[in-house]
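Colleague: Sharing a structure below in structure tokens format, with a few things to ask.
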Amino acid sequence: ETAVFQTPNYHVTQVGNEVSFNCKQTLGHDTMYWYKQDSKKLLKIMFSYNNKQLIVNETVPRRFSPQSSDKAHLNLRIKSVEPEDSAVYLCASSSGTGLYEQYFGPGTRLTVL
Amino acid sequence: GDSVTQTEGLVTLTEGLPVMLNCTYQTIYSNPFLFWYVQHLNESPRLLLKSFTDNKRTEHQGFHATLHKSSSSFHLQKSSAQLSDSALYYCALSGDYQGGRALIFGTGTTVSVSP
């Protein structure tokens with residue numbers, strides 16, 4: 001099956017903990033993204049990664065960092081979670097940057113207590 | 001910077017009536033790529049339709065939209081809404097993103113169709 005896969009589906013944690021989310025795509029795409037969808041359903045790009053070039057949204061706090069081993073994987077680490085990090089994190093991929101359809105994974109819902 | 005504006009936060013209508021969702025954009029690029037994504041409850045966004053050709057109607061699954069560069073618009077329409085159309089709709093622009101191009105999403109419009 002070709003798609004975008006994310007783990008875990010849900011994660012509940014305490015303030016200050018470190019979390020990591022995984023994303024893998026089997027579509028053969030060369031660009032991957034992380035989005036944050038907040039409680040108001042606003043969808044904001046956090047990172048894009050293409051051919052080892054990382055573009056960071058300058059509004060993303062430094063405690064967030066993407067990690068990639070190859071073009072099919074892009075993980076997200078949050079070093080010390082804050083309550084405002086509670087959201088759904090969506091991974092997506094596309095062929096090429098920006099001009100093409102993006103395929104989204106099912107998302108990881110993070111709840112910070 | 002590049003941006004997308006969706007003026008309606010919530011649209012409620014009765015099944016069988018027409019629906020139109022507004023989308024306008026602002027971009028530094030002369031060749032904008034516009035998209036409509038739909039997100040049903042407990043699902044992730046998926047592409048509904050896309051266009052980069054000026055004044056050409058694009059259709060998919062009963063929905064249609066026409067990119068008008070003169071008015072920077074890409075409104076989504078359907079002649080007869082169905083219950084299954086209840087969802088969150090995002091207009092998106094392949095726009096300038098820190099020197100490169102990436103999808104810039106509007107704030108989304110929730111459509112609620114009742115019997």
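Letters for chains follow the order of the structure tokens (A, B, ...), residue numbers begin at 1 for each chain, and ligand numbers begin at 1 in the order shown.
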Within 9 Å of chain B, which residues of chain A are there when counting only C-alpha atoms? Please give them as a list in words.
Modeller: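 My answer is Lys40, Lys41, Leu42, Leu43, Lys44, Ile45, Ser48, Ile55, Val56, Asn57, Glu58, Leu90, Thr97, Gly98, Leu99, Tyr100, Glu101, Gln102, Tyr103, Phe104, Gly105, Pro106 and Gly107 of chain A.
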Colleague: Go ahead and save the residues from that selection, with N, CA and C atoms, as a PDB file, in the first residue's frame.
Modeller:
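Below you can see again.pdb, which holds the result:
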ATOM      1  N   LYS A  40      -8.500  25.288  16.619  1.00  0.00           N
ATOM      2  CA  LYS A  40      -9.377  26.058  15.731  1.00  0.00           C
ATOM      3  C   LYS A  40      -9.277  25.587  14.294  1.00  0.00           C
ATOM      4  N   LYS A  41      -8.564  24.481  14.097  1.00  0.00           N
ATOM      5  CA  LYS A  41      -8.405  23.863  12.777  1.00  0.00           C
ATOM      6  C   LYS A  41      -7.517  24.680  11.835  1.00  0.00           C
ATOM      7  N   LEU A  42      -6.766  25.618  12.388  1.00  0.00           N
ATOM      8  CA  LEU A  42      -5.808  26.330  11.554  1.00  0.00           C
ATOM      9  C   LEU A  42      -4.671  25.391  11.201  1.00  0.00           C
ATOM     10  N   LEU A  43      -4.299  25.392   9.926  1.00  0.00           N
ATOM     11  CA  LEU A  43      -3.297  24.461   9.408  1.00  0.00           C
ATOM     12  C   LEU A  43      -2.056  25.267   9.038  1.00  0.00           C
ATOM     13  N   LYS A  44      -0.993  25.049   9.796  1.00  0.00           N
ATOM     14  CA  LYS A  44       0.217  25.856   9.591  1.00  0.00           C
ATOM     15  C   LYS A  44       1.408  24.948   9.316  1.00  0.00           C
ATOM     16  N   ILE A  45       2.177  25.299   8.298  1.00  0.00           N
ATOM     17  CA  ILE A  45       3.365  24.510   7.999  1.00  0.00           C
ATOM     18  C   ILE A  45       4.438  24.774   9.043  1.00  0.00           C
ATOM     19  N   SER A  48       9.549  21.956   5.961  1.00  0.00           N
ATOM     20  CA  SER A  48       9.552  21.187   4.731  1.00  0.00           C
ATOM     21  C   SER A  48      10.974  20.672   4.523  1.00  0.00           C
ATOM     22  N   ILE A  55      13.684  23.601   5.346  1.00  0.00           N
ATOM     23  CA  ILE A  55      13.175  24.960   5.462  1.00  0.00           C
ATOM     24  C   ILE A  55      12.295  25.010   6.698  1.00  0.00           C
ATOM     25  N   VAL A  56      12.650  25.885   7.577  1.00  0.00           N
ATOM     26  CA  VAL A  56      11.962  25.990   8.856  1.00  0.00           C
ATOM     27  C   VAL A  56      11.085  27.217   8.876  1.00  0.00           C
ATOM     28  N   ASN A  57       9.842  27.019   9.287  1.00  0.00           N
ATOM     29  CA  ASN A  57       8.989  28.170   9.513  1.00  0.00           C
ATOM     30  C   ASN A  57       9.560  28.936  10.696  1.00  0.00           C
ATOM     31  N   GLU A  58       9.882  30.179  10.480  1.00  0.00           N
ATOM     32  CA  GLU A  58      10.575  30.968  11.502  1.00  0.00           C
ATOM     33  C   GLU A  58       9.749  31.179  12.771  1.00  0.00           C
ATOM     34  N   LEU A  90       0.285  16.820  11.500  1.00  0.00           N
ATOM     35  CA  LEU A  90       0.064  16.128  10.228  1.00  0.00           C
ATOM     36  C   LEU A  90       1.340  16.114   9.410  1.00  0.00           C
ATOM     37  N   THR A  97       8.532  20.542  -4.805  1.00  0.00           N
ATOM     38  CA  THR A  97       8.228  21.459  -3.706  1.00  0.00           C
ATOM     39  C   THR A  97       7.166  22.473  -4.113  1.00  0.00           C
ATOM     40  N   GLY A  98       6.056  22.418  -3.411  1.00  0.00           N
ATOM     41  CA  GLY A  98       5.087  23.500  -3.478  1.00  0.00           C
ATOM     42  C   GLY A  98       4.113  23.489  -4.625  1.00  0.00           C
ATOM     43  N   LEU A  99       4.520  22.968  -5.784  1.00  0.00           N
ATOM     44  CA  LEU A  99       3.646  23.078  -6.937  1.00  0.00           C
ATOM     45  C   LEU A  99       2.693  21.901  -7.077  1.00  0.00           C
ATOM     46  N   TYR A 100       2.914  20.880  -6.298  1.00  0.00           N
ATOM     47  CA  TYR A 100       2.224  19.628  -6.527  1.00  0.00           C
ATOM     48  C   TYR A 100       1.328  19.241  -5.365  1.00  0.00           C
ATOM     49  N   GLU A 101       0.407  18.328  -5.665  1.00  0.00           N
ATOM     50  CA  GLU A 101      -0.515  17.832  -4.663  1.00  0.00           C
ATOM     51  C   GLU A 101       0.237  17.241  -3.480  1.00  0.00           C
ATOM     52  N   GLN A 102      -0.223  17.562  -2.287  1.00  0.00           N
ATOM     53  CA  GLN A 102       0.349  16.975  -1.083  1.00  0.00           C
ATOM     54  C   GLN A 102      -0.587  15.897  -0.552  1.00  0.00           C
ATOM     55  N   TYR A 103       0.012  14.806  -0.114  1.00  0.00           N
ATOM     56  CA  TYR A 103      -0.731  13.707   0.478  1.00  0.00           C
ATOM     57  C   TYR A 103      -0.454  13.707   1.973  1.00  0.00           C
ATOM     58  N   PHE A 104      -1.538  13.673   2.738  1.00  0.00           N
ATOM     59  CA  PHE A 104      -1.410  13.769   4.188  1.00  0.00           C
ATOM     60  C   PHE A 104      -1.521  12.410   4.857  1.00  0.00           C
ATOM     61  N   GLY A 105      -0.797  12.264   5.967  1.00  0.00           N
ATOM     62  CA  GLY A 105      -0.961  11.108   6.821  1.00  0.00           C
ATOM     63  C   GLY A 105      -2.169  11.306   7.725  1.00  0.00           C
ATOM     64  N   PRO A 106      -2.487  10.302   8.554  1.00  0.00           N
ATOM     65  CA  PRO A 106      -3.681  10.364   9.405  1.00  0.00           C
ATOM     66  C   PRO A 106      -3.532  11.304  10.593  1.00  0.00           C
ATOM     67  N   GLY A 107      -2.318  11.723  10.903  1.00  0.00           N
ATOM     68  CA  GLY A 107      -2.110  12.657  11.998  1.00  0.00           C
ATOM     69  C   GLY A 107      -1.786  11.995  13.323  1.00  0.00           C
TER      70      GLY A 107
END
Colleague: If you run DSSP on this backbone, which residues of segment 42-78 of chain A come out as strand (DSSP E), and could you give them as JSON, numbers by chain?
Modeller: {"A": [43, 44, 45, 46, 47, 48, 49, 50, 53, 54, 55, 56, 64, 65, 66, 67, 68, 69, 70, 73, 74, 75, 76, 77, 78]}
Colleague: Quick one: of B:Thr12, B:Ser71, B:Asn55, B:Ser3, who's nearest to Ala92 of chain B, counting only C-alpha atoms?
Modeller: B:Ser3
